[in-house]
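Participant: Structure file upload_12.cif (mmCIF, C-alpha atoms (C1' of nucleotides)) is given on the next line.
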```
data_model
loop_
_atom_site.label_atom_id
_atom_site.label_comp_id
_atom_site.auth_asym_id
_atom_site.auth_seq_id
_atom_site.Cartn_x
_atom_site.Cartn_y
_atom_site.Cartn_z
CA MET A 1 139.38 111.49 78.68
CA PRO A 2 139.79 110.84 82.36
CA LYS A 3 138.44 108.96 85.32
CA ILE A 4 135.70 106.91 83.77
CA VAL A 5 133.22 105.60 86.34
CA ASP A 6 130.09 103.52 85.98
CA HIS A 7 127.37 106.16 85.92
CA ASP A 8 124.58 103.66 86.16
CA GLN A 9 126.09 102.10 89.24
CA ARG A 10 126.38 105.51 90.94
CA ARG A 11 122.81 106.35 90.09
CA HIS A 12 121.69 102.99 91.37
CA ARG A 13 123.38 103.61 94.72
CA LEU A 14 121.69 106.98 94.98
CA ALA A 15 118.37 105.43 94.01
CA GLU A 16 118.76 102.84 96.77
CA ALA A 17 119.30 105.66 99.24
CA VAL A 18 116.18 107.41 97.98
CA TRP A 19 114.26 104.16 98.41
CA SER A 20 115.30 103.74 102.02
CA LEU A 21 114.50 107.34 102.85
CA THR A 22 111.16 107.15 101.10
CA LEU A 23 110.12 104.11 103.08
CA ARG A 24 111.36 105.60 106.35
CA ASP A 25 110.42 109.28 106.06
CA GLY A 26 108.12 109.45 103.05
CA LEU A 27 108.76 111.22 99.77
CA GLU A 28 108.76 114.62 101.43
CA GLY A 29 111.55 113.41 103.69
CA VAL A 30 113.88 112.86 100.76
CA THR A 31 116.40 115.71 100.78
CA LEU A 32 119.66 116.02 98.91
CA ARG A 33 121.68 116.00 102.11
CA LYS A 34 119.93 112.98 103.59
CA VAL A 35 120.35 111.07 100.35
CA ALA A 36 124.05 111.87 100.37
CA VAL A 37 124.46 110.64 103.96
CA GLU A 38 122.37 107.52 103.32
CA ALA A 39 124.41 106.67 100.24
CA GLY A 40 127.65 107.48 102.01
CA VAL A 41 128.69 110.08 99.45
CA SER A 42 129.00 113.83 99.34
CA MET A 43 126.17 116.12 98.42
CA GLY A 44 128.25 117.28 95.51
CA GLN A 45 128.12 113.81 94.03
CA VAL A 46 124.35 113.76 94.23
CA GLN A 47 124.22 117.05 92.39
CA HIS A 48 126.72 115.77 89.88
CA TYR A 49 124.40 112.99 88.77
CA TYR A 50 121.08 114.78 89.10
CA ALA A 51 120.50 118.40 88.20
CA THR A 52 117.49 118.75 90.46
CA ARG A 53 115.90 116.95 93.37
CA GLU A 54 112.86 116.23 91.23
CA GLN A 55 114.93 114.34 88.66
CA LEU A 56 116.60 112.37 91.41
CA VAL A 57 113.31 111.27 92.95
CA ARG A 58 111.72 110.54 89.60
CA ASP A 59 114.60 108.37 88.44
CA ALA A 60 114.72 106.52 91.75
CA LEU A 61 111.00 105.73 91.65
CA ASP A 62 111.25 104.86 87.99
CA ARG A 63 113.95 102.33 88.80
CA ALA A 64 111.80 100.85 91.56
CA VAL A 65 108.85 100.25 89.26
CA GLN A 66 111.13 98.88 86.55
CA ALA A 67 112.70 96.49 89.05
CA LEU A 68 109.30 95.25 90.14
CA ASN A 69 108.23 94.70 86.55
CA ALA A 70 111.45 92.83 85.96
CA ARG A 71 110.56 90.50 88.80
CA ILE A 72 107.22 89.77 87.22
CA ASP A 73 108.89 89.02 83.91
CA ALA A 74 111.38 86.80 85.71
CA ALA A 75 108.55 84.90 87.35
CA ILE A 76 106.99 84.32 83.96
CA ARG A 77 110.22 83.10 82.43
CA ALA A 78 110.97 80.89 85.44
CA THR A 79 107.90 78.75 84.76
CA ASP A 80 108.34 78.66 81.04
CA SER A 81 107.92 74.96 80.54
CA ALA A 82 105.17 74.47 83.10
CA SER A 83 101.43 74.30 82.52
CA ALA A 84 99.55 77.47 81.61
CA GLU A 85 97.78 77.42 84.97
CA THR A 86 101.07 77.24 86.85
CA THR A 87 102.51 80.08 84.83
CA LEU A 88 99.38 82.13 85.42
CA ARG A 89 99.42 81.51 89.15
CA GLU A 90 103.12 82.18 89.53
CA CYS A 91 103.18 85.36 87.54
CA LEU A 92 100.29 86.77 89.53
CA ARG A 93 101.88 85.59 92.77
CA ALA A 94 105.06 87.44 91.86
CA LEU A 95 103.54 90.69 93.10
CA LEU A 96 102.77 89.11 96.46
CA SER A 97 106.17 87.59 96.97
CA ARG A 98 107.21 87.23 100.57
CA ASP A 99 110.70 88.25 99.56
CA PRO A 100 111.56 91.43 101.53
CA GLU A 101 113.08 93.13 98.50
CA SER A 102 109.90 92.57 96.50
CA LEU A 103 107.93 94.03 99.39
CA ARG A 104 110.13 97.10 99.33
CA LEU A 105 109.59 97.56 95.62
CA LEU A 106 105.89 97.04 96.05
CA GLN A 107 105.74 99.70 98.75
CA LEU A 108 107.68 102.10 96.58
CA SER A 109 105.25 101.49 93.74
CA VAL A 110 102.44 102.41 96.08
CA ALA A 111 104.28 105.62 96.85
CA VAL A 112 104.44 106.32 93.13
CA VAL A 113 100.69 105.85 92.83
CA GLY A 114 100.13 108.22 95.74
CA ARG A 115 102.31 110.85 94.17
CA SER A 116 100.74 110.47 90.74
CA ILE A 117 97.52 112.12 91.89
CA SER A 118 99.32 115.45 92.06
CA ASP A 119 102.04 114.74 89.50
CA PRO A 120 100.54 113.38 86.27
CA ALA A 121 104.03 112.79 84.90
CA MET A 122 104.39 110.03 87.46
CA VAL A 123 101.56 108.06 85.88
CA SER A 124 103.76 107.23 82.93
CA VAL A 125 106.03 105.40 85.33
CA LEU A 126 103.29 102.90 86.06
CA ALA A 127 102.96 100.16 83.49
CA PRO A 128 100.21 97.82 84.71
CA GLY A 129 97.98 98.98 81.88
CA SER A 130 100.36 97.61 79.29
CA SER A 131 98.15 95.86 76.78
CA GLU A 132 100.77 93.24 75.94
CA LEU A 133 100.68 91.90 79.48
CA LEU A 134 96.91 91.83 79.40
CA GLU A 135 96.82 89.93 76.13
CA PHE A 136 99.44 87.50 77.36
CA THR A 137 97.47 86.91 80.53
CA ALA A 138 94.29 86.39 78.57
CA THR A 139 96.09 83.76 76.54
CA LEU A 140 97.23 82.04 79.71
CA ILE A 141 93.71 82.05 81.12
CA ALA A 142 92.28 80.52 77.95
CA ALA A 143 94.99 77.85 77.91
CA ALA A 144 94.50 77.08 81.60
CA ARG A 145 90.76 76.69 81.12
CA GLN A 146 91.43 74.34 78.25
CA GLU A 147 93.79 72.32 80.43
CA ARG A 148 90.98 71.92 82.94
CA GLY A 149 88.48 71.11 80.22
CA THR A 150 86.45 74.22 80.99
CA PRO A 151 84.72 75.77 77.97
CA PRO A 152 85.58 79.37 76.94
CA ARG A 153 83.52 82.11 78.51
CA GLY A 154 82.91 85.83 78.28
CA ASN A 155 85.70 88.26 77.51
CA GLY A 156 89.21 86.97 78.16
CA LEU A 157 90.75 90.43 78.17
CA ILE A 158 88.41 91.60 80.91
CA ASP A 159 89.13 88.42 82.85
CA ALA A 160 92.82 89.24 82.62
CA ASP A 161 92.14 92.85 83.56
CA ILE A 162 90.25 91.71 86.63
CA CYS A 163 93.08 89.38 87.63
CA TRP A 164 95.66 92.15 87.55
CA SER A 165 93.36 94.65 89.20
CA LEU A 166 92.71 92.16 91.97
CA ILE A 167 96.33 91.37 92.71
CA THR A 168 97.18 95.05 92.46
CA SER A 169 94.68 95.77 95.18
CA LEU A 170 95.85 92.83 97.25
CA GLY A 171 99.42 94.02 96.73
CA VAL A 172 98.57 97.45 98.05
CA ASP A 173 96.95 95.93 101.11
CA VAL A 174 100.04 93.84 101.74
CA ALA A 175 102.32 96.80 101.15
CA VAL A 176 100.60 98.95 103.76
CA GLY A 177 100.44 96.02 106.16
CA GLN A 178 96.69 95.75 106.21
CA ARG A 179 96.66 92.21 104.85
CA SER A 180 99.02 89.30 105.30
CA PRO A 181 100.64 87.77 102.22
CA ASP A 182 99.04 84.44 103.11
CA ASP A 183 95.59 85.97 103.18
CA ALA A 184 96.23 87.65 99.86
CA LEU A 185 97.30 84.36 98.31
CA THR A 186 94.17 82.68 99.63
CA VAL A 187 92.00 85.29 97.97
CA LEU A 188 93.94 85.03 94.72
CA ASP A 189 93.72 81.24 94.63
CA TYR A 190 90.00 81.41 95.34
CA HIS A 191 89.49 83.77 92.45
CA LEU A 192 91.56 81.68 90.05
CA ASP A 193 89.69 78.52 91.00
CA ASN A 194 86.43 80.24 90.16
CA LEU A 195 87.85 81.73 86.99
CA LEU A 196 89.25 78.45 85.68
CA GLY A 197 86.10 76.57 86.54
CA MET B 1 82.79 133.38 127.79
CA PRO B 2 83.18 135.31 124.58
CA LYS B 3 83.03 135.06 120.84
CA ILE B 4 81.79 131.57 120.24
CA VAL B 5 82.50 130.28 116.72
CA ASP B 6 81.82 126.97 115.04
CA HIS B 7 85.11 125.15 115.44
CA ASP B 8 84.12 122.32 113.17
CA GLN B 9 83.22 124.69 110.39
CA ARG B 10 86.58 126.43 110.65
CA ARG B 11 88.42 123.14 110.59
CA HIS B 12 86.39 122.03 107.63
CA ARG B 13 87.38 125.16 105.70
CA LEU B 14 91.01 124.51 106.50
CA ALA B 15 90.64 120.88 105.49
CA GLU B 16 89.18 121.94 102.15
CA ALA B 17 92.22 124.12 101.59
CA VAL B 18 94.51 121.21 102.43
CA TRP B 19 92.60 119.07 99.95
CA SER B 20 93.03 121.54 97.11
CA LEU B 21 96.72 121.99 97.83
CA THR B 22 97.27 118.24 98.11
CA LEU B 23 95.70 117.63 94.72
CA ARG B 24 97.61 120.50 93.13
CA ASP B 25 101.03 120.33 94.79
CA GLY B 26 101.06 117.00 96.59
CA LEU B 27 101.22 116.42 100.33
CA GLU B 28 104.71 117.87 100.52
CA GLY B 29 103.35 121.06 99.02
CA VAL B 30 101.02 121.65 101.93
CA THR B 31 102.50 124.43 104.07
CA LEU B 32 100.89 126.48 106.80
CA ARG B 33 101.16 129.67 104.79
CA LYS B 34 99.71 128.20 101.60
CA VAL B 35 96.84 126.66 103.53
CA ALA B 36 96.11 130.04 105.07
CA VAL B 37 96.09 131.76 101.68
CA GLU B 38 94.00 129.03 100.07
CA ALA B 39 91.45 129.19 102.88
CA GLY B 40 91.49 132.98 102.82
CA VAL B 41 92.46 133.28 106.47
CA SER B 42 95.54 134.27 108.41
CA MET B 43 98.30 131.89 109.31
CA GLY B 44 97.54 132.62 112.94
CA GLN B 45 94.10 131.10 112.50
CA VAL B 46 95.55 127.92 111.12
CA GLN B 47 97.84 127.66 114.12
CA HIS B 48 94.93 128.41 116.41
CA TYR B 49 93.07 125.32 115.27
CA TYR B 50 95.98 122.96 114.77
CA ALA B 51 99.01 122.80 117.01
CA THR B 52 101.23 121.30 114.33
CA ARG B 53 101.26 120.87 110.59
CA GLU B 54 101.10 117.12 111.06
CA GLN B 55 97.82 117.34 112.96
CA LEU B 56 96.40 119.61 110.28
CA VAL B 57 97.26 117.25 107.45
CA ARG B 58 96.13 114.19 109.35
CA ASP B 59 92.77 115.70 110.22
CA ALA B 60 92.22 116.90 106.67
CA LEU B 61 92.95 113.48 105.18
CA ASP B 62 90.89 111.84 107.87
CA ARG B 63 87.95 114.01 106.90
CA ALA B 64 88.41 113.10 103.24
CA VAL B 65 88.28 109.36 103.89
CA GLN B 66 85.32 109.83 106.23
CA ALA B 67 83.49 111.82 103.58
CA LEU B 68 84.09 109.12 100.99
CA ASN B 69 82.84 106.43 103.35
CA ALA B 70 79.79 108.55 104.03
CA ARG B 71 79.07 108.60 100.31
CA ILE B 72 79.19 104.83 100.16
CA ASP B 73 76.82 104.60 103.10
CA ALA B 74 74.53 107.11 101.43
CA ALA B 75 74.53 105.04 98.26
CA ILE B 76 73.53 101.99 100.26
CA ARG B 77 70.72 103.82 102.02
CA ALA B 78 69.51 105.41 98.78
CA THR B 79 68.64 101.99 97.33
CA ASP B 80 67.18 100.65 100.52
CA SER B 81 63.99 99.27 99.08
CA ALA B 82 65.46 97.98 95.82
CA SER B 83 66.55 94.47 95.00
CA ALA B 84 69.71 93.06 96.58
CA GLU B 85 71.44 93.09 93.22
CA THR B 86 70.64 96.75 92.66
CA THR B 87 71.88 97.65 96.12
CA LEU B 88 75.04 95.65 95.55
CA ARG B 89 75.72 97.27 92.19
CA GLU B 90 74.99 100.79 93.41
CA CYS B 91 77.06 100.57 96.56
CA LEU B 92 80.04 99.30 94.60
CA ARG B 93 79.48 101.91 91.92
CA ALA B 94 79.55 104.62 94.58
CA LEU B 95 83.35 104.55 94.56
CA LEU B 96 83.40 105.11 90.81
CA SER B 97 80.95 107.98 90.80
CA ARG B 98 81.44 110.45 88.01
CA ASP B 99 80.62 113.23 90.46
CA PRO B 100 83.70 115.52 90.59
CA GLU B 101 83.58 115.80 94.36
CA SER B 102 83.65 112.03 94.70
CA LEU B 103 86.62 111.94 92.37
CA ARG B 104 88.40 114.46 94.56
CA LEU B 105 87.77 112.39 97.65
CA LEU B 106 88.90 109.27 95.84
CA GLN B 107 92.13 110.94 94.79
CA LEU B 108 92.74 112.12 98.34
CA SER B 109 92.21 108.58 99.60
CA VAL B 110 94.85 107.42 97.17
CA ALA B 111 97.18 110.03 98.62
CA VAL B 112 96.49 108.60 102.07
CA VAL B 113 97.41 105.14 100.86
CA GLY B 114 100.62 106.48 99.38
CA ARG B 115 101.54 108.17 102.61
CA SER B 116 100.66 105.15 104.74
CA ILE B 117 103.71 103.26 103.49
CA SER B 118 105.95 105.58 105.49
CA ASP B 119 103.45 106.60 108.15
CA PRO B 120 101.79 103.54 109.67
CA ALA B 121 99.48 105.76 111.68
CA MET B 122 97.80 106.69 108.41
CA VAL B 123 96.67 103.12 107.89
CA SER B 124 94.13 103.50 110.65
CA VAL B 125 92.47 106.19 108.58
CA LEU B 126 91.62 103.65 105.91
CA ALA B 127 88.49 101.64 106.59
CA PRO B 128 88.00 99.29 103.62
CA GLY B 129 88.93 96.34 105.80
CA SER B 130 85.98 96.89 108.07
CA SER B 131 84.50 93.47 108.62
CA GLU B 132 80.96 94.80 108.95
CA LEU B 133 81.01 96.07 105.38
CA LEU B 134 82.39 92.75 104.15
CA GLU B 135 79.69 90.79 105.95
CA PHE B 136 76.99 93.11 104.68
CA THR B 137 78.29 92.74 101.14
CA ALA B 138 78.42 88.97 101.47
CA THR B 139 74.78 89.05 102.53
CA LEU B 140 73.90 91.14 99.49
CA ILE B 141 75.74 88.76 97.18
CA ALA B 142 73.94 85.75 98.61
CA ALA B 143 70.58 87.52 98.30
CA ALA B 144 71.31 88.62 94.75
CA ARG B 145 72.25 85.09 93.74
CA GLN B 146 69.03 83.84 95.23
CA GLU B 147 67.09 86.47 93.28
CA ARG B 148 68.68 85.13 90.12
CA GLY B 149 68.04 81.56 91.12
CA THR B 150 71.76 80.80 91.29
CA PRO B 151 72.74 78.23 93.92
CA PRO B 152 75.17 79.24 96.71
CA ARG B 153 78.84 78.76 96.02
CA GLY B 154 82.24 78.94 97.70
CA ASN B 155 82.98 81.48 100.39
CA GLY B 156 80.73 84.53 100.43
CA LEU B 157 83.12 86.57 102.51
CA ILE B 158 85.92 86.07 100.02
CA ASP B 159 83.56 86.92 97.18
CA ALA B 160 82.76 90.17 98.97
CA ASP B 161 86.44 90.76 99.64
CA ILE B 162 87.20 90.33 95.96
CA CYS B 163 84.44 92.74 94.99
CA TRP B 164 85.81 95.50 97.20
CA SER B 165 89.39 94.79 96.24
CA LEU B 166 88.42 94.99 92.59
CA ILE B 167 86.56 98.30 92.82
CA THR B 168 89.33 99.68 95.00
CA SER B 169 91.81 98.93 92.27
CA LEU B 170 89.51 100.29 89.59
CA GLY B 171 88.98 103.36 91.74
CA VAL B 172 92.71 103.96 91.98
CA ASP B 173 93.04 103.65 88.22
CA VAL B 174 90.26 106.19 87.74
CA ALA B 175 91.75 108.48 90.37
CA VAL B 176 95.11 108.65 88.63
CA GLY B 177 93.44 109.02 85.26
CA GLN B 178 94.67 105.75 83.83
CA ARG B 179 91.19 104.37 83.30
CA SER B 180 87.93 106.00 82.36
CA PRO B 181 84.97 105.65 84.73
CA ASP B 182 83.01 104.00 81.93
CA ASP B 183 85.67 101.37 81.43
CA ALA B 184 85.77 100.73 85.17
CA LEU B 185 82.02 100.25 85.27
CA THR B 186 82.21 97.82 82.38
CA VAL B 187 84.74 95.72 84.24
CA LEU B 188 82.70 95.85 87.43
CA ASP B 189 79.48 94.82 85.68
CA TYR B 190 81.30 91.98 83.94
CA HIS B 191 82.58 90.70 87.26
CA LEU B 192 79.19 90.95 88.95
CA ASP B 193 77.50 89.10 86.09
CA ASN B 194 79.97 86.26 86.50
CA LEU B 195 79.64 86.32 90.27
CA LEU B 196 75.87 86.25 90.31
CA GLY B 197 75.70 83.53 87.68
"C1'" DA C 1 81.38 149.23 133.31
"C1'" DT C 2 84.78 146.32 134.13
"C1'" DT C 3 86.98 142.11 133.76
"C1'" DT C 4 88.26 138.04 131.64
"C1'" DT C 5 88.34 134.75 128.29
"C1'" DT C 6 88.30 133.64 123.51
"C1'" DG C 7 89.77 134.09 118.68
"C1'" DC C 8 92.55 135.45 116.11
"C1'" DA C 9 96.61 138.67 113.60
"C1'" DA C 10 101.30 139.86 113.05
"C1'" DT C 11 105.81 139.29 113.51
"C1'" DG C 12 110.11 137.03 114.75
"C1'" DC C 13 113.40 133.33 114.55
"C1'" DA C 14 116.26 129.44 114.13
"C1'" DG C 15 116.63 125.66 111.23
"C1'" DT C 16 116.50 123.54 106.75
"C1'" DT C 17 115.98 123.45 101.93
"C1'" DG C 18 117.50 123.22 96.84
"C1'" DC C 19 120.69 124.96 94.06
"C1'" DA C 20 124.82 127.86 92.36
"C1'" DT C 21 129.45 128.52 92.62
"C1'" DT C 22 134.09 127.53 93.14
"C1'" DG C 23 138.03 124.65 93.92
"C1'" DT C 24 140.67 120.47 93.14
"C1'" DA C 25 142.43 115.71 92.57
"C1'" DA C 26 142.77 112.28 89.15
"C1'" DT C 27 143.42 110.49 84.72
"C1'" DA C 28 143.11 109.80 79.59
"C1'" DG C 29 144.79 111.61 75.33
"C1'" DA C 30 148.29 114.69 72.95
"C1'" DT D 1 155.16 115.86 80.09
"C1'" DC D 2 151.52 118.65 79.39
"C1'" DT D 3 146.77 119.60 79.03
"C1'" DA D 4 142.08 119.09 78.95
"C1'" DT D 5 138.32 116.85 80.85
"C1'" DT D 6 135.93 114.34 84.24
"C1'" DA D 7 134.29 113.60 88.80
"C1'" DC D 8 133.56 115.11 92.42
"C1'" DA D 9 134.06 118.14 97.25
"C1'" DA D 10 133.12 122.18 99.88
"C1'" DT D 11 130.98 126.12 100.79
"C1'" DG D 12 127.72 129.86 100.26
"C1'" DC D 13 123.18 131.81 99.88
"C1'" DA D 14 118.56 133.29 99.38
"C1'" DA D 15 114.19 131.36 100.08
"C1'" DC D 16 111.25 129.01 102.76
"C1'" DT D 17 109.81 126.20 106.59
"C1'" DG D 18 107.21 125.19 111.16
"C1'" DC D 19 106.53 127.06 115.31
"C1'" DA D 20 106.82 130.52 119.37
"C1'" DT D 21 105.68 134.78 120.90
"C1'" DT D 22 103.26 138.86 121.47
"C1'" DG D 23 99.50 141.97 120.89
"C1'" DC D 24 94.84 143.05 120.58
"C1'" DA D 25 89.81 143.36 119.52
"C1'" DA D 26 85.35 141.50 120.63
"C1'" DA D 27 82.06 139.77 123.59
"C1'" DA D 28 80.13 136.98 127.52
"C1'" DA D 29 80.12 137.13 132.51
"C1'" DT D 30 80.23 139.91 136.50
#
```
Could you express the structure from this file as structure tokens?
Facilitator:
Amino acid sequence: MPKIVDHDQRRHRLAEAVWSLTLRDGLEGVTLRKVAVEAGVSMGQVQHYYATREQLVRDALDRAVQALNARIDAAIRATDSASAETTLRECLRALLSRDPESLRLLQLSVAVVGRSISDPAMVSVLAPGSSELLEFTATLIAAARQERGTPPRGNGLIDADICWSLITSLGVDVAVGQRSPDDALTVLDYHLDNLLG
Amino acid sequence: MPKIVDHDQRRHRLAEAVWSLTLRDGLEGVTLRKVAVEAGVSMGQVQHYYATREQLVRDALDRAVQALNARIDAAIRATDSASAETTLRECLRALLSRDPESLRLLQLSVAVVGRSISDPAMVSVLAPGSSELLEFTATLIAAARQERGTPPRGNGLIDADICWSLITSLGVDVAVGQRSPDDALTVLDYHLDNLLG
DNA sequence: ATTTTTGCAATGCAGTTGCATTGTAATAGA
DNA sequence: TCTATTACAATGCAACTGCATTGCAAAAAT
């Protein structure tokens, strides 16, 4: 069997093109022809890897959210041996990274949220409600409070929920340019200081 | 001069049609012809009131955000004589109203956010960053803490900022159907109880 | 009663869209 | 070497798009 190419690499290139077009022209500005030009390939190649435009867009946005989640996981693993409080801070800060690529992914995730109001299938792409992450965060919060000598309080899962909801909202503000990353970090630190006593 | 009609009423009808189409088909599914059909008017009438499709969509989304803000204001005014804590709770709860029309407006606002990542002009439509509202909320928080006999603490403006960021995030979750209104209210109440001591 | 301005309605049109179809170069297996 | 399969490339097409244009009925102003 002939001419074996790396399918995943091709799809990734196309997804990158979709990302750029989405950020520049919006999701409705993503057309097969523009994607082909942006990726520097023929339109035939786009069709070869995706049967329909909808599948193309969905896979591209899916990859964006996955990539952002991977960055959060990486942030967690990067502070593996540190204190619980450091790990907690860093993994929440991951969403507010000043790295331009993270900002891109964050903006794309916002686009996914916007689309999900009319396309329920898009909701499944979003993973912030994953209960494992919430439980892990709750564990971190409890450990960090213990490190500070603060007694346990209330419902740790809700505390974790609030943390992620807060940085999600701050992340959206940063993504649309309505809040500076520095300001967002200030708000996050303020909240964590209160939370950890 | 002849045949005077209520321009604002006509535009409102068209905006309603844009809303329905946006929630059903997404922003990219809003076409002049579909808006005309949905509103039960001719395409000529749509063109008569809006020079371009872009102006039509922008005005419709603008009206949605304005309507949602009006509901928040109404919630504040409705509890005018109540305690600060009640006013605070109710005005934050306004975003999470179980009223279907509020949910519609909330979903449309989410669509605006999604669009604003590729259309910076859309950001101006969003008003959550209005400093007056933040200051007012900070005042409410301080008053509510005093009612409870809790001493002042930290930065009231940031506390207010966190409150609005939190309900914004909860509101998005509710809008996309990833969280029930009841769950969102539970989280909000938990946060307020911690905040007010 | 006539005119003139307003508020549409209807149609036309060029451009763009997603997708189907067809053709073809390259290469792995026989 | 032959062949079958993969990976595209090129083109075609019907449907739809936003917008321009034109026509026309109703009513306020004269």
Participant: Could I get the residues of chain B with an atom no further than 12 Å from an atom of chain C, each paired with its nearest atom pair and that distance in Å to one decimal, using all atoms listed in the file, sorted by chain and residue number, as JSON lines?
Facilitator:
```
{"residue": "B:Met1", "atom": "CA", "partner": "C:DT5", "partner_atom": "C1'", "distance": 5.7}
{"residue": "B:Pro2", "atom": "CA", "partner": "C:DT6", "partner_atom": "C1'", "distance": 5.5}
{"residue": "B:Lys3", "atom": "CA", "partner": "C:DT6", "partner_atom": "C1'", "distance": 6.1}
{"residue": "B:Ile4", "atom": "CA", "partner": "C:DT6", "partner_atom": "C1'", "distance": 7.6}
{"residue": "B:Val5", "atom": "CA", "partner": "C:DG7", "partner_atom": "C1'", "distance": 8.4}
{"residue": "B:Asp6", "atom": "CA", "partner": "C:DG7", "partner_atom": "C1'", "distance": 11.3}
{"residue": "B:His7", "atom": "CA", "partner": "C:DG7", "partner_atom": "C1'", "distance": 10.6}
{"residue": "B:Arg10", "atom": "CA", "partner": "C:DG7", "partner_atom": "C1'", "distance": 11.5}
{"residue": "B:Val41", "atom": "CA", "partner": "C:DA9", "partner_atom": "C1'", "distance": 9.9}
{"residue": "B:Ser42", "atom": "CA", "partner": "C:DA9", "partner_atom": "C1'", "distance": 6.9}
{"residue": "B:Met43", "atom": "CA", "partner": "C:DA9", "partner_atom": "C1'", "distance": 8.2}
{"residue": "B:Gly44", "atom": "CA", "partner": "C:DA9", "partner_atom": "C1'", "distance": 6.2}
{"residue": "B:Gln45", "atom": "CA", "partner": "C:DC8", "partner_atom": "C1'", "distance": 5.9}
{"residue": "B:Val46", "atom": "CA", "partner": "C:DC8", "partner_atom": "C1'", "distance": 9.5}
{"residue": "B:Gln47", "atom": "CA", "partner": "C:DC8", "partner_atom": "C1'", "distance": 9.6}
{"residue": "B:His48", "atom": "CA", "partner": "C:DC8", "partner_atom": "C1'", "distance": 7.4}
{"residue": "B:Tyr49", "atom": "CA", "partner": "C:DG7", "partner_atom": "C1'", "distance": 10.0}
```
Participant: Could you tell me which residues of chain D sit within 8 Å of chain A when counting all atoms listed in the file, and give me the result as a list in words?
Facilitator: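 The answer, sorted by residue number, is DT5, DT6, DA7, DC8 and DA9 of chain D.
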Participant: Can those selected residues be exported to a file as a PDB file, keeping the file's coordinate frame so that it contains C-alpha atoms (C1' of nucleotides)?
Facilitator:
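To be explicit, this is the file written out as selection24.pdb:
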```pdb
ATOM      1  C1'  DT D   5     138.320 116.850  80.850  1.00  0.00           C
ATOM      2  C1'  DT D   6     135.930 114.340  84.240  1.00  0.00           C
ATOM      3  C1'  DA D   7     134.290 113.600  88.800  1.00  0.00           C
ATOM      4  C1'  DC D   8     133.560 115.110  92.420  1.00  0.00           C
ATOM      5  C1'  DA D   9     134.060 118.140  97.250  1.00  0.00           C
TER       6       DA D   9
END
```
Participant: For this file, the PyMOL selection byres ((chain A) within 8 of (chain B)) selects which residues, as JSON, numbers by chain?
Facilitator: {"A": [22, 23, 24, 25, 26, 27, 28, 107, 110, 111, 112, 113, 114, 115, 116, 117, 118, 119, 120, 123, 129, 158, 161, 162, 165, 166, 168, 169, 170, 175, 176, 178, 187, 190, 191]}
Participant: Provide the CA of Ala142 in chain B to CA of Ala84 in chain B distance in Å, to one decimal place.
Facilitator: 8.7 Å
Participant: If I take CA of Leu68 in chain A and CA of Ala15 in chain A, how far is one from the other in Å, to one decimal?
Facilitator: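 Answer for the CA of Leu68 in chain A to CA of Ala15 in chain A separation: 14.2 Å.
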Participant: Applying the PyMOL selection byres ((chain A and resi 86-88) around 9) to the file I just gave you, which residues come out? Please list them as a ChimeraX atom specification.
Facilitator: /A:75-85,89-93,137,140-141,144
Participant: Using only the atoms of range 73-80 of chain B listed in the file, plus 3 Å on each side, state the axis-aligned box centre and edge lengths in Å rounded to one decimal, as JSON.
Facilitator:
```
{"center_x": 72.0, "center_y": 103.9, "center_z": 100.2, "size_x": 15.6, "size_y": 12.5, "size_z": 11.8}
```
Participant: What is the CA of Ala39 in chain A to CA of Ala17 in chain A distance in Å?
Facilitator: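 About the pair CA of Ala39 in chain A and CA of Ala17 in chain A: they are 5.3 Å apart.
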Participant: Go through the shown structure with the PyMOL selection byres ((chain A and resi 67) around 12) and write out the matching residues as a list in words.
Facilitator: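 With the shown file as input, the PyMOL selection byres ((chain A and resi 67) around 12) matches His12, Ala15, Glu16, Ala60, Leu61, Asp62, Arg63, Ala64, Val65, Gln66, Leu68, Asn69, Ala70, Arg71, Ile72, Asp73, Ala74, Leu95, Glu101, Ser102, Leu103, Arg104, Leu105, Leu106, Leu108, Ser109, Val125, Leu126 and Ala127 of chain A.
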